[in-house]
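Please read the structure below before turning to the comments.
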Amino acid sequence: QTTVTVSPAVLGFTSVAKSLDDVVKVPEGYSVSVLYRLGDPLNAATSAYANNGTDTGFSARGGDHHDGMHYFGLAATGSARDDASNTRGLLVMNHENITQVYLHANGPTSTGGVRPEGEALKEMEAHGVAVVEVARAGSGAWSYVQGSALNRRITPLTPAVFSGPVRGNALLRTRFSPAGTDGRGTINNCANGFTAWGSYLTCEENWAGYFRRATGDDTARGGAAARSVVALKRYGIPEGAGGSYGWASVIPSDATSTIYARWNASATGAAADGTADFRNEPNQFGWVVEIDPYDPTKPPRKRTALGRFGHEGCWPSAFVAGRRPAFYMGDDSRGEYLYKFVSAQPWAAADASASDRLAIGDKYFDAGTLYVAKFNADGTGTWMPLVFGTGPLTAANATYAFADQADVLTNVRLAADALGATKMDRPEWTTINPVTGEMYLTLTNNNASVRPLDGTDAANPRHYNDPKGAANTAQRGNPNGHIVRLRETGDTSEATGFSWDIYLFGADSADSDPANVNLSGLDASNDFSSPDGLWFGRPSNESGQVSPLLWIQTDDGAFTDRTNNQMLVALPGKVGDGGARTITNKGADGATRTQATIVGKTATGATLKRFLVGPKGCEITGIDSTPDGRTLFVNIQHPGEDGGLTALQSSWPATQGGTSSTARPRSATIVITKNDGGVVGL
Ligand code: FEO
Ligand code: CA
Ligand code: CA
Ligand code: CA
């Protein structure tokens with residue numbers, strides 16, 4: 001890679017203090033405006049959002065729980081792509097989940113366990129993805145364009161197609177798609193990615209929780225040892241699972257409709273091949289899904305070569321001509337793995353401007369190698385290929401008896417178990433330093449049962465008792481999380497080995513037991529817990545220099561007594577700029593153990609600062625900017641989620657600017673600009 005002058009050497013803004021107020025706070029010299037909220041109408045025919053539980057028609061409204069997001073530039077008029085536009089574009093974002101209580105007049109209802117059809121439909125449609133046209137006026141103010149023909153909602157009901165090695169496999173056959181080629185929509189879309197050819201990647205994370213599975217279903221499937229039962233349990237759908245929000249309970253007014261029945265994964269049909277029921281519907285989720293934001297007529301494509309798990313995000317390596325690009329992916333559950341997909345096709349720069357973007361996606365995504373990471377104690381690591389017929393991934397495997405590559409990809413967690421990959425402290429976002437090509441990974445936190453005192457390793461080295469949570473066993477383990485970074489051998493996306501270290505540890509700077517709990521030397525200006533969102537500024541700032549700012553967003557429960565969730569900015573170093581270190585861990589009973597690990601150079605108040613604190617009860621997740629870095633878009637997810645209708649925890653965004661309000665809270669996208677018009681964060 002070319003050498004680029006790194007600017008700046010120190011962060012220029014004054015850190016924002018921790019806050020428990022119901023408002024978004026940013027540094028002095030910056031401004032915040034609210035751009036796109038839950039319920040906002042996305043076509044001319046849809047009414048303004050009443051925000052009292054009476055609104056309907058969410059397939060044409062902003063969804064809930066804004067999450068991963070990417071800005072795609074548009075030419076001055078029309079629908080043509082213009083990657084350089086700083087004034088008009090498409091914001092594409094995930095609507096991960098819902099805060100159910102605020103979507104209905106008096107909260108959710110059910111009669112004898114049966115949910116009303118209208119409520120369930122509204123809840124489904126508030127999930128998914130949105131494509132929203134946004135534009136900057138001459139005054140500099142941003143707004144979304146309500147009547148844009150490019151606005152689009154993709155919900156769990158939107159037709160989608162399967163692509164890659166699992167397409168047409170028996171594991172995908174359902175009553176809806178007996179051929180195993182088609183599906184309906186996407187759900188629990190968490191973090192994201194993008195491609196050099198102008199498409200958006202959305203990732204299905206906690207999809208398992210939506211499924212019901214009847215008591216007795218293990219027997220119906222052939223008993224506890226049956227392969228589908230083993231896989232369902234491994235992915236979090238045990239027998240007797242009730243299914244979030246009870247959608248499977250709805251009795252539809254159209255008796256032929258299966259949009260509710262599909263959430264019942266029980267094997268109740270007569271045909272053993274799964275085409276009479278929805279026993280295979282859970283296999284339709286857990287994928288990376290590619291969307292062409294510029295063409296609303298194209299169904300999303302589920303990219304099965306990238307594997308099925310609890311996908312947090314899917315961030316690309318640099319696209320280097322002649323080299324096969326890689327995509328880095330976390331599986332966010334306790335003790336899950338880090339993955340990398342390397343395309344079979346070397347990058348051809350001409351593909352960046354192709355008009356059929358999803359056809360280019362077919363080229364790069366439908367053939368390649370999926371790897372899972374093993375972190376060694378000496379600071380090296382290995383990418384282990386998840387290829388049927390190699391190592392333990394064979395039909396002869398006594399534990400799992402893999403059938404073929406489609407089976408390996410659909411049940412990747414089983415395959416990664418078989419390979420002995422490193423169990424991580426909940427892998428969330430990945431991102432790539434545009435200067436060095438190094439990859440950063442947030443490990444948000446872990447509990448004591450998955451990361452016990454005697455179960456740490458060099459890459460997941462912490463177990464201690466959060467002093468604030470002494471009575472709370474959930475806050476033992478690694479309660480505040482850390483950030484690992486990784487350098488590919490030979491600095492190439494195609495590498496099968498890497499070196500790594502730990503860049504940053506979360507901590508409350510006031511904690512002193514054990515003595516080295518605050519391993520990164522955080523202070524009041526930059527202490528944080530549970531890193532989640534992670535993003536490097538776009539590499540085209542000021543005078544063609546790369547701005548290596550690293551943005552870190554939090555989703556925390558262990559630190560919210562001190563501050564609402566936050567976003568920090570860091571100036572990163574490089575893998576290996578620190579050294580080996582021994583950490584003293586301490587259990588709840590006072591027992592101690594040491595763990596050696598590789599720790600990067602300690603961040604300081606000059607190289608890590610708190611840039612933003614959100615309103616009450618929110619998580620900060622989702623970030624992008626215009627190409628010039630002068631407009632930053634950030635998502636505020638589920639403000640007020642810990643409250644209810646009788647005791648609102650938050651009324652944000654109506655409270656932004658300090659206004660008193662009794663409105664229901666709404667997830668929303670905000671715009672942050674520097675008052676002097678400069679690059680945000682510099
Ligand atoms: Fe949806 Fe792991 O965060
Ligand atoms: Ca979330
Ligand atoms: Ca997340
Ligand atoms: Ca999280």
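By convention in this document, the chains of the structure tokens carry letters A, B, ... by their order, each chain's residues are numbered from 1, and ligands are numbered from 1 in the order they are shown.
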
Site check for ligand 4: residues at most 12 Å away, only C-alpha atoms and all ligand atoms, as a PyMOL selection string: chain A and resi 67-68+96+190-191+205-206+312-313+330-334+425-429+442-446+480-481+529-534+553-557+565+618-622+637

Using only C-alpha atoms, please write the residues we just selected to a file, as a CSV table (one decimal), in the first residue's frame.
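Listing of part32.csv after writing:
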chain,number,residue,atom,x,y,z
A,67,ASP,CA,-28.4,0.2,13.3
A,68,GLY,CA,-25.6,-0.3,10.8
A,96,GLU,CA,-32.6,-4.2,13.8
A,190,CYS,CA,-27.4,-5.5,12.9
A,191,ALA,CA,-24.2,-4.2,11.5
A,205,GLU,CA,-27.9,-11.4,13.8
A,206,ASN,CA,-30.4,-12.5,16.5
A,312,GLU,CA,-23.0,-8.8,13.3
A,313,GLY,CA,-21.3,-7.1,10.3
A,330,GLY,CA,-18.1,-11.4,13.7
A,331,ASP,CA,-20.7,-13.9,15.2
A,332,ASP,CA,-22.1,-12.0,18.1
A,333,SER,CA,-22.9,-14.5,20.9
A,334,ARG,CA,-20.9,-15.4,23.9
A,425,ASP,CA,-15.9,-12.5,24.0
A,426,ARG,CA,-18.8,-11.7,21.7
A,427,PRO,CA,-17.4,-10.5,18.3
A,428,GLU,CA,-19.3,-7.4,17.2
A,429,TRP,CA,-18.1,-5.0,14.5
A,442,THR,CA,-14.8,-5.2,19.1
A,443,LEU,CA,-15.3,-7.9,21.7
A,444,THR,CA,-18.1,-6.3,23.6
A,445,ASN,CA,-18.2,-8.3,26.9
A,446,ASN,CA,-18.7,-11.8,28.3
A,480,ASN,CA,-16.3,-4.1,29.9
A,481,GLY,CA,-14.9,-5.7,26.8
A,529,SER,CA,-17.5,-0.1,28.5
A,530,SER,CA,-18.8,-2.6,26.0
A,531,PRO,CA,-17.4,-1.4,22.6
A,532,ASP,CA,-19.7,-2.4,19.7
A,533,GLY,CA,-19.8,-0.1,16.6
A,534,LEU,CA,-16.4,0.5,15.0
A,553,GLN,CA,-19.6,3.2,19.7
A,554,THR,CA,-20.9,1.5,22.9
A,555,ASP,CA,-23.8,-0.7,23.8
A,556,ASP,CA,-23.4,-1.2,27.5
A,557,GLY,CA,-25.2,-2.3,30.6
A,565,ASN,CA,-24.0,5.1,25.9
A,618,CYS,CA,-30.1,4.2,24.0
A,619,GLU,CA,-27.3,2.4,22.3
A,620,ILE,CA,-25.1,4.2,19.8
A,621,THR,CA,-24.7,2.1,16.7
A,622,GLY,CA,-24.3,2.9,13.0
A,637,GLN,CA,-31.0,3.1,18.8

Residue set, stretch 264-505 of chain A restricted to helix (DSSP H, G or I), as an MDAnalysis selection string: chainID A and resid 281:284 304:306 349:353 357:365 405:410 412:419 453:455 467:469 473:475 489:491

Selected residue, from A:Val34, A:Thr582, A:Phe402, A:Ala267, that lies nearest to A:Gly222 when counting only C-alpha atoms: A:Ala267

Mind dumping a table of every stretch 220-239 of chain A residue within 12 Å of stretch 269-277 of chain A, with the nearest atom pair and its distance in Å to one decimal, using only C-alpha atoms, sorted by chain and rising number, as a tab-separated table?
residue	atom	partner	partner_atom	distance
A:Ala220	CA	A:Gly269	CA	10.0
A:Arg221	CA	A:Ala272	CA	9.2
A:Gly222	CA	A:Ala272	CA	11.0
A:Ser228	CA	A:Gly274	CA	11.6

Among listed residues A:Ala448, A:Ala261, A:Met329, A:Leu632, nearest ligand 1 (using only C-alpha atoms and all ligand atoms):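 Selected residue with least distance to ligand 1: A:Met329.
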
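Between atom CA of A:Pro316 and atom CA of A:Gly193 the interatomic distance comes to 6.9 Å.
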
Every residue of stretch 82-306 of chain A that DSSP places in strand (DSSP E or B), as a PyMOL selection string: chain A and resi 88-95+105+107+111+114+128-136+142-144+152-154+159-163+182-184+189-194+200-204+212+264+288-291+301-303

Contacts of stretch 55-59 of chain A within 7 Å, only C-alpha atoms, excl. fewer than 5 positions in-chain, as a list of chain:residue names: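 Surrounding residues, per the criterion: A:Gly39, A:Tyr49, A:Ala50, A:Lys122, A:Glu125, A:Ala126, A:Arg153.
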
Written file, previous selection with C-alpha atoms, as a PDB file, in the first residue's frame:
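Result saved to part-v5.pdb:
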ATOM      1  CA  GLY A  39     -42.248   6.237  11.777  1.00  0.00           C
ATOM      2  CA  TYR A  49     -46.203   9.980  12.427  1.00  0.00           C
ATOM      3  CA  ALA A  50     -48.641  10.487  15.283  1.00  0.00           C
ATOM      4  CA  LYS A 122     -46.875  -3.678  12.310  1.00  0.00           C
ATOM      5  CA  GLU A 125     -42.829  -4.234   9.131  1.00  0.00           C
ATOM      6  CA  ALA A 126     -40.933  -2.093  11.644  1.00  0.00           C
ATOM      7  CA  ARG A 153     -38.334  -0.421   2.896  1.00  0.00           C
TER       8      ARG A 153
END

Nearby residues (only C-alpha atoms) at most 6 Å from A:Ser266, same-chain spacing under 3 positions excluded, as an NGL selection string: :A and (213-214 or 217 or 279)

Long-range neighbours of A:Thr655 as a ChimeraX atom specification, 9 Å cut-off, only C-alpha atoms, 5 positions minimum in chain: /A:22-23,615,650,660-663

Selection file, N, CA and C atoms, as a CSV table (one decimal), in the first residue's frame:
chain,number,residue,atom,x,y,z
A,22,ASP,N,-31.1,13.5,29.0
A,22,ASP,CA,-31.9,12.9,27.9
A,22,ASP,C,-31.7,13.7,26.6
A,23,VAL,N,-30.4,13.7,26.2
A,23,VAL,CA,-30.1,14.6,25.0
A,23,VAL,C,-28.8,14.1,24.4
A,615,PRO,N,-28.8,10.0,24.5
A,615,PRO,CA,-29.9,10.1,25.5
A,615,PRO,C,-30.1,8.9,26.3
A,650,SER,N,-37.3,8.1,28.5
A,650,SER,CA,-36.8,9.1,27.6
A,650,SER,C,-37.9,9.6,26.7
A,660,SER,N,-38.3,20.3,27.0
A,660,SER,CA,-39.0,19.4,27.8
A,660,SER,C,-40.1,18.8,26.9
A,661,SER,N,-40.3,17.4,27.1
A,661,SER,CA,-41.3,16.7,26.3
A,661,SER,C,-41.9,15.5,27.0
A,662,THR,N,-43.1,15.1,26.7
A,662,THR,CA,-43.6,13.9,27.2
A,662,THR,C,-43.9,12.9,26.0
A,663,ALA,N,-43.3,13.2,24.9
A,663,ALA,CA,-43.5,12.3,23.7
A,663,ALA,C,-42.8,11.0,23.9

Selection: 9 Å around A:Asp407, only C-alpha atoms, excl. self and same-chain fewer than 2 positions, as a VMD selection string: chain A and resid 166 169 171 388 402 to 405 409 to 412
